[in-house]
$ cat protein23.tsv   # TSV, C-alpha atoms and all ligand atoms
chain	number	residue	atom	x	y	z
A	237	MET	CA	-57.67	21.78	28.99
A	238	ILE	CA	-56.78	25.40	29.64
A	239	LYS	CA	-53.09	24.88	29.07
A	240	GLN	CA	-53.38	23.97	25.42
A	241	PRO	CA	-54.59	27.30	23.97
A	242	LEU	CA	-52.14	29.19	26.14
A	243	LEU	CA	-49.29	27.18	24.77
A	244	HIS	CA	-50.68	27.68	21.33
A	245	GLY	CA	-50.75	31.37	21.84
A	246	PHE	CA	-47.17	31.44	23.06
A	247	ARG	CA	-45.98	29.32	20.15
A	248	ARG	CA	-47.76	31.55	17.72
A	249	LEU	CA	-46.09	34.58	19.18
A	250	LEU	CA	-42.73	32.91	18.84
A	251	LEU	CA	-43.37	31.88	15.27
A	252	PHE	CA	-44.41	35.40	14.31
A	253	SER	CA	-41.60	37.13	16.05
A	254	ILE	CA	-38.77	35.25	14.34
A	255	PRO	CA	-39.52	36.53	10.84
A	256	PHE	CA	-40.13	39.93	12.33
A	257	LEU	CA	-36.69	39.95	13.90
A	258	LEU	CA	-35.17	38.92	10.60
A	259	TYR	CA	-37.07	41.67	8.90
A	260	LEU	CA	-35.62	44.15	11.36
A	261	THR	CA	-32.04	43.06	10.70
A	262	ASN	CA	-32.67	43.22	6.97
A	263	ALA	CA	-34.04	46.70	7.28
A	264	SER	CA	-31.07	47.95	9.24
A	265	LEU	CA	-28.68	46.39	6.66
A	266	ALA	CA	-30.55	48.08	3.86
A	267	GLN	CA	-30.10	51.36	5.64
A	268	ILE	CA	-26.34	50.93	5.73
A	269	ILE	CA	-25.99	50.04	2.05
A	270	THR	CA	-28.03	52.34	-0.11
A	271	GLY	CA	-27.57	53.00	-3.81
A	272	ARG	CA	-25.42	51.27	-6.38
A	273	PRO	CA	-22.03	51.70	-7.99
A	274	PRO	CA	-22.11	53.89	-11.13
A	275	GLN	CA	-23.77	52.46	-14.22
A	276	PHE	CA	-23.14	53.13	-17.90
A	277	SER	CA	-24.84	52.87	-21.20
A	278	LYS	CA	-22.83	51.95	-24.29
A	279	PHE	CA	-20.86	54.49	-26.30
A	280	PRO	CA	-22.77	55.44	-29.47
A	281	HIS	CA	-20.23	53.37	-31.51
A	282	ASN	CA	-17.64	50.73	-30.61
A	283	SER	CA	-14.95	52.39	-32.68
A	284	TYR	CA	-14.06	55.77	-34.14
A	285	SER	CA	-11.60	56.69	-36.89
A	286	PRO	CA	-11.10	60.46	-36.68
A	287	LEU	CA	-8.77	62.11	-39.18
A	288	GLU	CA	-5.43	63.19	-37.75
A	289	GLY	CA	-5.40	66.89	-36.92
A	290	THR	CA	-9.14	67.17	-36.35
A	291	GLU	CA	-10.95	67.86	-33.08
A	292	PHE	CA	-12.30	64.78	-31.34
A	293	SER	CA	-14.47	64.51	-28.26
A	294	ILE	CA	-16.33	61.74	-26.53
A	295	LYS	CA	-18.69	61.72	-23.58
A	296	CYS	CA	-18.41	59.24	-20.73
A	297	PRO	CA	-21.68	57.27	-21.11
A	298	LEU	CA	-22.78	57.59	-17.50
A	299	LEU	CA	-26.36	56.84	-16.57
A	300	TYR	CA	-26.36	59.01	-13.42
A	301	ASP	CA	-24.14	61.75	-12.13
A	302	THR	CA	-21.21	60.74	-9.98
A	303	TYR	CA	-18.54	62.48	-7.98
A	304	GLN	CA	-15.52	61.74	-10.06
A	305	ILE	CA	-14.53	60.63	-13.54
A	306	GLU	CA	-11.19	59.42	-14.74
A	307	TRP	CA	-10.30	58.63	-18.38
A	308	PHE	CA	-8.09	55.68	-19.31
A	309	LYS	CA	-6.29	54.88	-22.54
A	310	ASP	CA	-4.91	51.36	-23.01
A	311	GLY	CA	-5.32	50.77	-19.29
A	312	GLU	CA	-3.43	53.87	-18.17
A	313	SER	CA	-4.93	56.95	-16.61
A	314	LEU	CA	-4.87	60.06	-18.77
A	315	GLY	CA	-5.24	62.30	-15.73
A	316	LYS	CA	-8.39	63.82	-17.23
A	317	SER	CA	-11.56	64.07	-15.22
A	318	SER	CA	-14.16	65.88	-17.29
A	319	LEU	CA	-17.38	64.23	-18.38
A	320	ILE	CA	-16.42	64.95	-22.01
A	321	LEU	CA	-12.93	63.98	-23.07
A	322	SER	CA	-11.90	66.46	-25.70
A	323	ILE	CA	-8.79	66.36	-27.89
A	324	PRO	CA	-8.42	69.60	-29.87
A	325	SER	CA	-6.12	68.12	-32.55
A	326	ILE	CA	-5.98	64.33	-32.48
A	327	SER	CA	-2.80	62.60	-33.60
A	328	ARG	CA	-1.84	59.01	-34.46
A	329	ILE	CA	-0.30	58.49	-31.02
A	330	ASP	CA	-3.75	59.06	-29.53
A	331	SER	CA	-4.99	55.82	-31.13
A	332	GLY	CA	-5.98	53.24	-28.54
A	333	ILE	CA	-8.68	51.68	-26.41
A	334	TYR	CA	-10.45	54.25	-24.23
A	335	LYS	CA	-12.77	53.95	-21.26
A	336	CYS	CA	-13.82	56.08	-18.34
A	337	TYR	CA	-13.85	55.13	-14.68
A	338	THR	CA	-16.06	56.60	-12.08
A	339	TYR	CA	-16.66	56.33	-8.38
A	340	ASN	CA	-19.75	57.40	-6.45
A	341	GLY	CA	-19.20	56.55	-2.78
A	342	ILE	CA	-20.73	53.08	-3.07
A	343	GLY	CA	-18.21	51.73	-5.50
A	344	GLY	CA	-16.33	52.31	-8.72
A	345	ALA	CA	-16.87	50.97	-12.22
A	346	PHE	CA	-15.36	51.14	-15.70
A	347	SER	CA	-17.44	52.06	-18.70
A	348	PRO	CA	-17.48	49.85	-21.81
A	349	SER	CA	-14.42	50.54	-23.98
A	350	ILE	CA	-14.10	52.13	-27.41
A	351	ASN	CA	-11.45	51.79	-30.06
A	352	ILE	CA	-10.19	55.12	-31.36
A	353	SER	CA	-8.01	54.58	-34.38
A	354	VAL	CA	-6.74	57.84	-35.89
A	355	THR	CA	-6.66	58.00	-39.67
A	356	TYR	CA	-3.45	59.40	-41.14
A	357	PHE	CA	-1.73	59.38	-44.49
A	358	ASP	CA	1.90	60.26	-45.19
A	359	GLY	CA	2.30	58.76	-48.64
A	360	PHE	CA	4.78	56.13	-49.77
A	361	LYS	CA	7.75	54.97	-47.75
A	362	GLN	CA	11.19	55.14	-49.31
A	363	VAL	CA	12.38	51.91	-50.83
A	364	SER	CA	15.56	50.91	-52.65
A	365	GLU	CA	15.91	51.80	-56.34
A	366	SER	CA	15.88	48.13	-57.32
A	367	PHE	CA	12.26	47.95	-56.17
A	368	TYR	CA	11.30	50.05	-59.20
A	369	LYS	CA	13.19	48.06	-61.84
A	370	ILE	CA	12.21	44.72	-63.33
A	371	LYS	CA	13.11	42.69	-66.42
A	372	VAL	CA	10.67	40.26	-67.98
A	373	PRO	CA	10.63	38.12	-71.13
A	374	PRO	CA	8.08	39.28	-73.74
A	375	SER	CA	6.25	35.95	-73.68
A	376	GLY	CA	5.58	36.19	-69.93
A	377	TYR	CA	3.47	38.15	-67.53
A	378	PHE	CA	4.47	40.40	-64.64
A	379	SER	CA	3.10	42.31	-61.71
A	380	LEU	CA	4.04	45.53	-59.97
A	381	LYS	CA	3.33	46.32	-56.34
A	382	PRO	CA	2.93	49.82	-54.95
A	383	PRO	CA	5.70	50.82	-52.50
A	384	PRO	CA	4.69	50.31	-48.84
A	385	LEU	CA	2.47	53.08	-47.50
A	386	ASN	CA	2.90	55.19	-44.44
A	387	ALA	CA	-0.78	55.38	-43.55
A	388	SER	CA	-3.18	54.15	-40.90
A	389	PRO	CA	-4.42	50.62	-41.58
A	390	ASN	CA	-8.04	51.75	-41.80
A	391	SER	CA	-7.45	54.28	-44.62
A	392	LYS	CA	-9.82	54.06	-47.56
A	393	LEU	CA	-7.63	54.09	-50.64
A	394	THR	CA	-8.03	54.03	-54.38
A	395	TRP	CA	-5.26	53.19	-56.81
A	396	LYS	CA	-4.41	54.50	-60.27
A	397	TRP	CA	-1.67	53.10	-62.48
A	398	LYS	CA	-0.21	54.83	-65.51
A	399	PHE	CA	1.83	53.40	-68.37
A	400	GLU	CA	3.71	56.06	-70.33
A	401	GLU	CA	1.34	58.67	-68.78
A	402	GLN	CA	-1.77	56.81	-69.98
A	403	GLU	CA	-4.11	55.59	-67.27
A	404	ILE	CA	-4.49	51.81	-67.10
A	405	PHE	CA	-7.89	50.20	-66.73
A	406	THR	CA	-8.65	46.59	-65.87
A	407	ASN	CA	-9.43	44.47	-68.95
A	408	ASP	CA	-8.50	41.02	-70.33
A	409	THR	CA	-4.77	41.67	-70.17
A	410	HIS	CA	-4.55	44.14	-67.25
A	411	TYR	CA	-5.79	43.89	-63.69
A	412	ILE	CA	-5.54	46.30	-60.75
A	413	SER	CA	-6.15	44.52	-57.46
A	414	ALA	CA	-8.08	45.94	-54.52
A	415	ASN	CA	-4.83	46.65	-52.68
A	416	GLY	CA	-3.20	48.33	-55.67
A	417	ASP	CA	-1.15	45.60	-57.33
A	418	LEU	CA	-0.94	45.79	-61.11
A	419	ILE	CA	-0.93	42.53	-63.06
A	420	ILE	CA	-0.08	42.53	-66.75
A	421	LEU	CA	-0.72	39.23	-68.45
A	422	GLU	CA	1.04	39.95	-71.76
A	423	ALA	CA	4.40	41.57	-71.30
A	424	ALA	CA	5.08	42.06	-75.01
A	425	ARG	CA	4.77	45.75	-76.02
A	426	ARG	CA	4.28	46.69	-72.35
A	427	PHE	CA	7.86	47.66	-71.62
A	428	GLY	CA	8.42	51.18	-70.41
A	429	ILE	CA	7.67	53.53	-67.55
A	430	TYR	CA	4.94	52.96	-64.97
A	431	ARG	CA	3.76	55.00	-62.01
A	432	VAL	CA	1.18	54.42	-59.33
A	433	GLU	CA	-0.93	57.02	-57.58
A	434	VAL	CA	-2.77	56.39	-54.33
A	435	ILE	CA	-5.69	58.56	-53.29
A	436	SER	CA	-6.97	58.71	-49.72
A	437	GLU	CA	-9.83	60.71	-48.22
A	438	LYS	CA	-7.73	63.82	-47.71
A	439	SER	CA	-4.67	63.55	-49.94
A	440	SER	CA	-2.83	61.54	-52.53
A	441	ALA	CA	0.69	60.45	-53.43
A	442	ILE	CA	2.49	59.46	-56.62
A	443	SER	CA	5.24	56.87	-56.69
A	444	LEU	CA	8.61	57.18	-58.37
A	445	GLU	CA	8.93	55.72	-61.87
A	446	TYR	CA	9.01	51.98	-62.38
A	447	THR	CA	11.02	50.73	-65.33
A	448	VAL	CA	9.96	47.47	-66.93
A	449	GLU	CA	12.58	46.23	-69.39
A	450	GLU	CA	12.53	43.43	-71.89
A	451	GLU	CA	14.60	40.43	-70.98
A	452	ILE	CA	16.33	39.27	-74.12
A	453	GLY	CA	16.65	35.54	-74.74
A	454	ASP	CA	14.31	32.85	-75.86
A	455	ALA	CA	12.43	31.95	-72.72
A	456	ALA	CA	9.65	29.45	-73.36
A	457	PRO	CA	6.20	30.87	-72.68
A	458	PRO	CA	5.17	30.02	-69.09
A	459	ASN	CA	2.62	27.31	-68.34
A	460	PHE	CA	-0.99	28.12	-67.70
A	461	ALA	CA	-1.08	29.36	-64.11
A	462	ILE	CA	-2.94	31.44	-61.58
A	463	VAL	CA	-0.77	34.54	-61.53
A	464	TYR	CA	-2.51	36.33	-58.69
A	465	ARG	CA	-3.97	34.09	-56.01
A	466	PRO	CA	-6.77	34.73	-53.52
A	467	ARG	CA	-5.59	35.50	-49.99
A	468	ASP	CA	-6.72	34.11	-46.66
A	469	ILE	CA	-9.27	36.29	-44.92
A	470	LEU	CA	-9.87	36.52	-41.21
A	471	ILE	CA	-13.07	38.21	-40.11
A	472	LEU	CA	-13.10	39.51	-36.57
A	473	ASP	CA	-16.47	39.93	-34.89
A	474	ASP	CA	-18.55	42.82	-36.18
A	475	THR	CA	-15.80	45.05	-37.58
A	476	SER	CA	-16.55	43.92	-41.11
A	477	THR	CA	-18.82	41.35	-42.62
A	478	SER	CA	-17.61	41.44	-46.19
A	479	ALA	CA	-14.76	39.56	-47.80
A	480	THR	CA	-13.13	40.11	-51.19
A	481	PHE	CA	-11.12	37.44	-52.99
A	482	GLU	CA	-9.18	37.95	-56.19
A	483	CYS	CA	-7.87	35.51	-58.72
A	484	VAL	CA	-6.07	36.27	-61.98
A	485	PRO	CA	-5.16	33.37	-64.27
A	486	SER	CA	-2.77	33.79	-67.16
A	487	ILE	CA	-3.91	34.20	-70.74
A	488	TRP	CA	-3.86	30.91	-72.63
A	489	ASN	CA	-3.77	30.73	-76.44
A	490	LYS	CA	-4.66	34.45	-76.54
A	491	PHE	CA	-7.87	33.92	-74.56
A	492	PRO	CA	-8.61	34.65	-70.93
A	493	ALA	CA	-9.57	31.69	-68.76
A	494	GLU	CA	-12.99	31.05	-67.32
A	495	ILE	CA	-13.21	31.49	-63.53
A	496	ASN	CA	-15.52	29.73	-61.09
A	497	TRP	CA	-15.59	30.22	-57.33
A	498	LEU	CA	-16.23	27.44	-54.84
A	499	LEU	CA	-17.01	27.44	-51.15
A	500	ASN	CA	-15.89	24.23	-49.43
A	501	GLY	CA	-15.86	22.48	-52.78
A	502	ASN	CA	-19.34	23.58	-53.87
A	503	GLU	CA	-19.83	26.11	-56.61
A	504	LEU	CA	-20.98	29.48	-55.28
A	505	THR	CA	-24.15	30.89	-56.72
A	506	VAL	CA	-23.58	34.46	-57.76
A	507	ASP	CA	-26.80	36.24	-56.82
A	508	GLY	CA	-25.55	39.76	-57.46
A	509	LEU	CA	-26.41	40.76	-53.87
A	510	GLU	CA	-24.64	38.81	-51.14
A	511	VAL	CA	-22.37	37.04	-53.62
A	512	ARG	CA	-21.08	39.30	-56.38
A	513	THR	CA	-18.28	39.12	-58.90
A	514	GLU	CA	-16.51	41.83	-60.87
A	515	PHE	CA	-14.01	41.97	-63.75
A	516	SER	CA	-15.05	38.73	-65.46
A	517	ASN	CA	-15.29	36.81	-62.17
A	518	ARG	CA	-11.74	37.74	-61.18
A	519	ARG	CA	-13.01	39.50	-58.07
A	520	LEU	CA	-15.43	37.78	-55.69
A	521	ILE	CA	-17.21	39.92	-53.10
A	522	LEU	CA	-19.11	38.25	-50.29
A	523	SER	CA	-21.11	40.89	-48.48
A	524	ASN	CA	-22.62	38.85	-45.64
A	525	VAL	CA	-20.08	36.21	-44.83
A	526	VAL	CA	-21.63	35.01	-41.59
A	527	ASN	CA	-24.93	34.41	-43.32
A	528	LEU	CA	-23.15	32.44	-46.02
A	529	VAL	CA	-20.83	30.22	-44.00
A	530	GLY	CA	-22.25	30.37	-40.47
A	531	LYS	CA	-21.09	31.84	-37.20
A	532	SER	CA	-17.66	31.10	-35.73
A	533	ASN	CA	-16.67	29.08	-38.74
A	534	PHE	CA	-12.92	28.63	-38.57
A	535	ASN	CA	-12.15	26.56	-41.61
A	536	SER	CA	-14.06	27.43	-44.69
A	537	LYS	CA	-12.22	27.25	-47.96
A	538	ILE	CA	-12.71	29.49	-50.95
A	539	THR	CA	-11.40	28.10	-54.22
A	540	CYS	CA	-10.75	29.84	-57.49
A	541	GLU	CA	-11.02	27.38	-60.35
A	542	ALA	CA	-9.64	28.62	-63.67
A	543	THR	CA	-10.32	26.72	-66.88
A	544	THR	CA	-8.69	27.55	-70.21
A	545	SER	CA	-11.08	28.49	-73.00
A	546	ASP	CA	-10.37	25.17	-74.77
A	547	GLU	CA	-11.32	23.45	-71.47
A	548	ARG	CA	-8.14	21.41	-71.52
A	549	LEU	CA	-6.37	22.87	-68.48
A	550	ILE	CA	-7.64	23.61	-65.01
A	551	GLU	CA	-5.78	25.42	-62.26
A	552	LYS	CA	-7.00	25.94	-58.71
A	553	ALA	CA	-6.03	28.25	-55.88
A	554	ASP	CA	-7.42	28.10	-52.34
A	555	ALA	CA	-7.82	30.69	-49.62
A	556	LYS	CA	-8.96	30.23	-46.05
A	557	LEU	CA	-11.95	32.11	-44.72
A	558	GLU	CA	-12.05	32.24	-40.95
A	559	ILE	CA	-14.69	33.96	-38.86
A	560	TYR	CA	-14.14	34.80	-35.24
A	561	GLU	CA	-16.84	36.45	-33.24
A	562	LYS	CA	-16.78	38.17	-29.92
A	563	PRO	CA	-18.12	35.95	-27.16
A	564	ILE	CA	-21.59	37.13	-26.15
A	565	ILE	CA	-22.67	37.16	-22.53
A	566	ASN	CA	-26.25	36.12	-22.05
A	567	LYS	CA	-27.23	38.94	-19.73
A	568	GLU	CA	-30.71	37.54	-19.26
A	569	LYS	CA	-29.23	34.72	-17.19
A	570	LEU	CA	-27.71	37.23	-14.80
A	571	GLU	CA	-29.80	38.76	-12.05
A	572	LYS	CA	-29.77	42.52	-12.05
A	573	GLU	CA	-29.58	42.76	-8.30
A	574	VAL	CA	-29.29	40.22	-5.49
A	575	THR	CA	-29.84	40.95	-1.80
A	576	LYS	CA	-27.81	38.89	0.65
A	577	LYS	CA	-27.07	39.05	4.31
A	578	ILE	CA	-23.48	39.11	5.48
A	579	GLY	CA	-22.30	35.53	5.85
A	580	ASP	CA	-24.76	34.10	3.31
A	581	SER	CA	-23.39	31.93	0.55
A	582	PHE	CA	-23.61	33.17	-3.01
A	583	LYS	CA	-23.06	31.52	-6.33
A	584	MET	CA	-23.08	33.10	-9.77
A	585	GLU	CA	-22.89	31.45	-13.15
A	601	LIG	C1	-9.00	49.27	-33.42
A	601	LIG	O1	-9.46	49.56	-34.73
A	601	LIG	C2	-8.46	49.46	-35.73
A	601	LIG	C3	-9.04	49.96	-37.05
A	601	LIG	O2	-10.28	49.41	-37.32
A	601	LIG	C4	-7.95	48.02	-35.81
A	601	LIG	O3	-6.94	47.93	-36.79
A	601	LIG	C5	-7.41	47.63	-34.45
A	601	LIG	O4	-7.02	46.27	-34.47
A	601	LIG	C6	-8.45	47.84	-33.38
A	601	LIG	N1	-7.85	47.57	-32.09
A	601	LIG	C7	-8.35	46.69	-31.22
A	601	LIG	C8	-7.57	46.46	-29.97
A	601	LIG	O5	-9.38	46.09	-31.43
A	602	LIG	C1	-6.31	46.88	-71.98
A	602	LIG	O1	-5.87	47.97	-71.17
A	602	LIG	C2	-4.62	48.50	-71.56
A	602	LIG	C3	-4.25	49.54	-70.53
A	602	LIG	O2	-5.35	50.31	-70.10
A	602	LIG	C4	-4.72	49.06	-72.96
A	602	LIG	O3	-3.47	49.61	-73.35
A	602	LIG	C5	-5.12	47.95	-73.90
A	602	LIG	O4	-5.30	48.45	-75.19
A	602	LIG	C6	-6.43	47.30	-73.42
A	602	LIG	N1	-6.71	46.15	-74.21
A	602	LIG	C7	-7.84	46.04	-74.89
A	602	LIG	C8	-8.03	44.78	-75.66
A	602	LIG	O5	-8.70	46.91	-74.85

$ encode --input "protein23.tsv" --output "structure tokens" --more "lines below"
Ligand SMILES: *[C@@H]1O[C@H](CO)[C@@H](O)[C@H](O)[C@H]1NC(C)=O
Ligand SMILES: *[C@@H]1O[C@H](CO)[C@@H](O)[C@H](O)[C@H]1NC(C)=O
Amino acid sequence: MIKQPLLHGFRRLLLFSIPFLLYLTNASLAQIITGRPPQFSKFPHNSYSPLEGTEFSIKCPLLYDTYQIEWFKDGESLGKSSLILSIPSISRIDSGIYKCYTYNGIGGAFSPSINISVTYFDGFKQVSESFYKIKVPPSGYFSLKPPPLNASPNSKLTWKWKFEEQEIFTNDTHYISANGDLIILEAARRFGIYRVEVISEKSSAISLEYTVEEEIGDAAPPNFAIVYRPRDILILDDTSTSATFECVPSIWNKFPAEINWLLNGNELTVDGLEVRTEFSNRRLILSNVVNLVGKSNFNSKITCEATTSDERLIEKADAKLEIYEKPIINKEKLEKEVTKKIGDSFKME
């Protein structure tokens, strides 16, 4: 009768002391490992497009001070260790993916990365003389392309064409595309000298003279056709959400054709906001593509349907619209911090 409580008491002591012992080992572990590796916030923007020759600086987005910083460009160390990376006169060769690395005694970590893409503009590249000379029959149509540009891909450009020193504006018979191509739907009386001017944020350039000559002979007038066709568009994550398609049918019986735009075979409703058209429907501007076709949609089709004014002929031209988005990590599923003893198993999804 006396033994029982004694035993109880001993057992109780044992049961209490085991967690206590564990607690002690935990506490001594926690004393060895204190603090965390460095942590970062995001950079204010994912990408920057500074003008060549200007000063550019960016701060490593550290949350707390650390001992050391190292800047990397395209995975290679720049040998720079200041909190603010500063480039007094940025040049095109400085374009790349940048991040900073830092170490604080507990561990090291890389910051998120940013895309620095330097904007530059050196005008037109040299091309052969034959590039500037074409011959067309008077009953046909023709188009002229600007010479290739020596400029950063992100440059904002506007284009001006001149015929015999007179500026050309888009109308029924003339069209200037978003990337500077000139389309002339009635060649007759349009033979002569052309020039194109390109204007960027900081400077501009004028091409050499184009000579468009009449091709003598009795060529039959061409069939009704789409002279300038919409191009495939690939949208990558959040860099841009708008897409522009262009479509220029030929003139038929002196009248321009009627244009309708379709998305996956269904006529698009032009609401003037997210779906707009310009120049008699020849340009289609979709300003919120993801909203219109859905996320990660790889095979949407945009169709330009051109109908002659007498409604007897229809021509169609298709373009692909593909949307790729960055994969998103659901950070809520990840634990911020996990405490484990040495030798414990650990699984992470
Ligand atoms: C960086 O940005 C430029 C201009 O927007 C783009 O052309 C380039 O593809 C981007 N680079 C990367 C690796 O995302
Ligand atoms: C169309 O534009 C061209 C070039 O700007 C011009 O010469 C022509 O007269 C215009 N046509 C009409 C019908 O206004």

$ residues_near_ligand --input "protein23.tsv" --ligand "ligand LIG 601 (chain A)" --cutoff "12 Å" --atoms "all atoms listed in the file" --output "CSV table (one decimal) with C-alpha atoms, in the coordinates of the input"
chain,number,residue,atom,x,y,z
A,281,HIS,CA,-20.2,53.4,-31.5
A,282,ASN,CA,-17.6,50.7,-30.6
A,283,SER,CA,-15.0,52.4,-32.7
A,284,TYR,CA,-14.1,55.8,-34.1
A,285,SER,CA,-11.6,56.7,-36.9
A,286,PRO,CA,-11.1,60.5,-36.7
A,309,LYS,CA,-6.3,54.9,-22.5
A,310,ASP,CA,-4.9,51.4,-23.0
A,311,GLY,CA,-5.3,50.8,-19.3
A,328,ARG,CA,-1.8,59.0,-34.5
A,330,ASP,CA,-3.8,59.1,-29.5
A,331,SER,CA,-5.0,55.8,-31.1
A,332,GLY,CA,-6.0,53.2,-28.5
A,333,ILE,CA,-8.7,51.7,-26.4
A,334,TYR,CA,-10.4,54.2,-24.2
A,349,SER,CA,-14.4,50.5,-24.0
A,350,ILE,CA,-14.1,52.1,-27.4
A,351,ASN,CA,-11.4,51.8,-30.1
A,352,ILE,CA,-10.2,55.1,-31.4
A,353,SER,CA,-8.0,54.6,-34.4
A,354,VAL,CA,-6.7,57.8,-35.9
A,355,THR,CA,-6.7,58.0,-39.7
A,356,TYR,CA,-3.4,59.4,-41.1
A,387,ALA,CA,-0.8,55.4,-43.6
A,388,SER,CA,-3.2,54.2,-40.9
A,389,PRO,CA,-4.4,50.6,-41.6
A,390,ASN,CA,-8.0,51.8,-41.8
A,391,SER,CA,-7.4,54.3,-44.6
A,392,LYS,CA,-9.8,54.1,-47.6
A,471,ILE,CA,-13.1,38.2,-40.1
A,472,LEU,CA,-13.1,39.5,-36.6
A,473,ASP,CA,-16.5,39.9,-34.9
A,474,ASP,CA,-18.6,42.8,-36.2
A,475,THR,CA,-15.8,45.0,-37.6
A,476,SER,CA,-16.6,43.9,-41.1
A,562,LYS,CA,-16.8,38.2,-29.9

$ closest_residue --input "protein23.tsv" --among "A:Trp307, A:Ser317, A:Thr394, A:Ile419" --to "ligand LIG 602 (chain A)" --atoms "only C-alpha atoms and all ligand atoms"
A:Ile419

$ residues_near_ligand --input "protein23.tsv" --ligand "ligand LIG 602 (chain A)" --cutoff "10 Å" --atoms "only C-alpha atoms and all ligand atoms" --output "VMD selection string"
chain A and resid 397 to 399 402 to 411 420 425 to 426

$ atom_distance --input "protein23.tsv" --atom1 "CA of Asn535 in chain A" --atom2 "CA of Lys556 in chain A"
6.6 Å

$ axis_aligned_box --input "protein23.tsv" --around "range 551-559 of chain A" --padding-each-side "6 Å" --output "JSON"
{"center_x": -10.2, "center_y": 29.7, "center_z": -50.6, "size_x": 20.9, "size_y": 20.5, "size_z": 35.4}

$ residues_around --input "protein23.tsv" --residues "range 446-453 of chain A" --least-positions-apart "4" --cutoff "9 Å" --atoms "all atoms listed in the file" --output "ChimeraX atom specification"
/A:367-374,380,423-424,426-432

$ closest_residue --input "protein23.tsv" --among "A:Gly530, A:Pro324, A:Pro485, A:Pro383" --to "Glu558 in chain A" --atoms "all atoms listed in the file"
A:Gly530

$ atom_distance --input "protein23.tsv" --atom1 "CA of Lys381 in chain A" --atom2 "CA of Thr544 in chain A"
26.3 Å

$ atom_distance --input "protein23.tsv" --atom1 "CA of Cys336 in chain A" --atom2 "CA of Gly271 in chain A"
20.2 Å

$ residues_around --input "protein23.tsv" --residues "Ser322 in chain A" --least-positions-apart "4" --cutoff "8 Å" --atoms "only C-alpha atoms" --output "MDAnalysis selection string"
chainID A and resid 291:294

$ residues_around --input "protein23.tsv" --residues "Gly344 in chain A" --least-positions-apart "6" --cutoff "10 Å" --atoms "all atoms listed in the file" --output "list in words"
Arg272, Pro273, Pro274, Gln275, Thr302, Gln304, Ile305, Tyr337 and Thr338 of chain A

$ closest_residue --input "protein23.tsv" --among "A:Ser536, A:Asn459, A:Gln362, A:Ser581" --to "Leu499 in chain A" --atoms "only C-alpha atoms"
A:Ser536
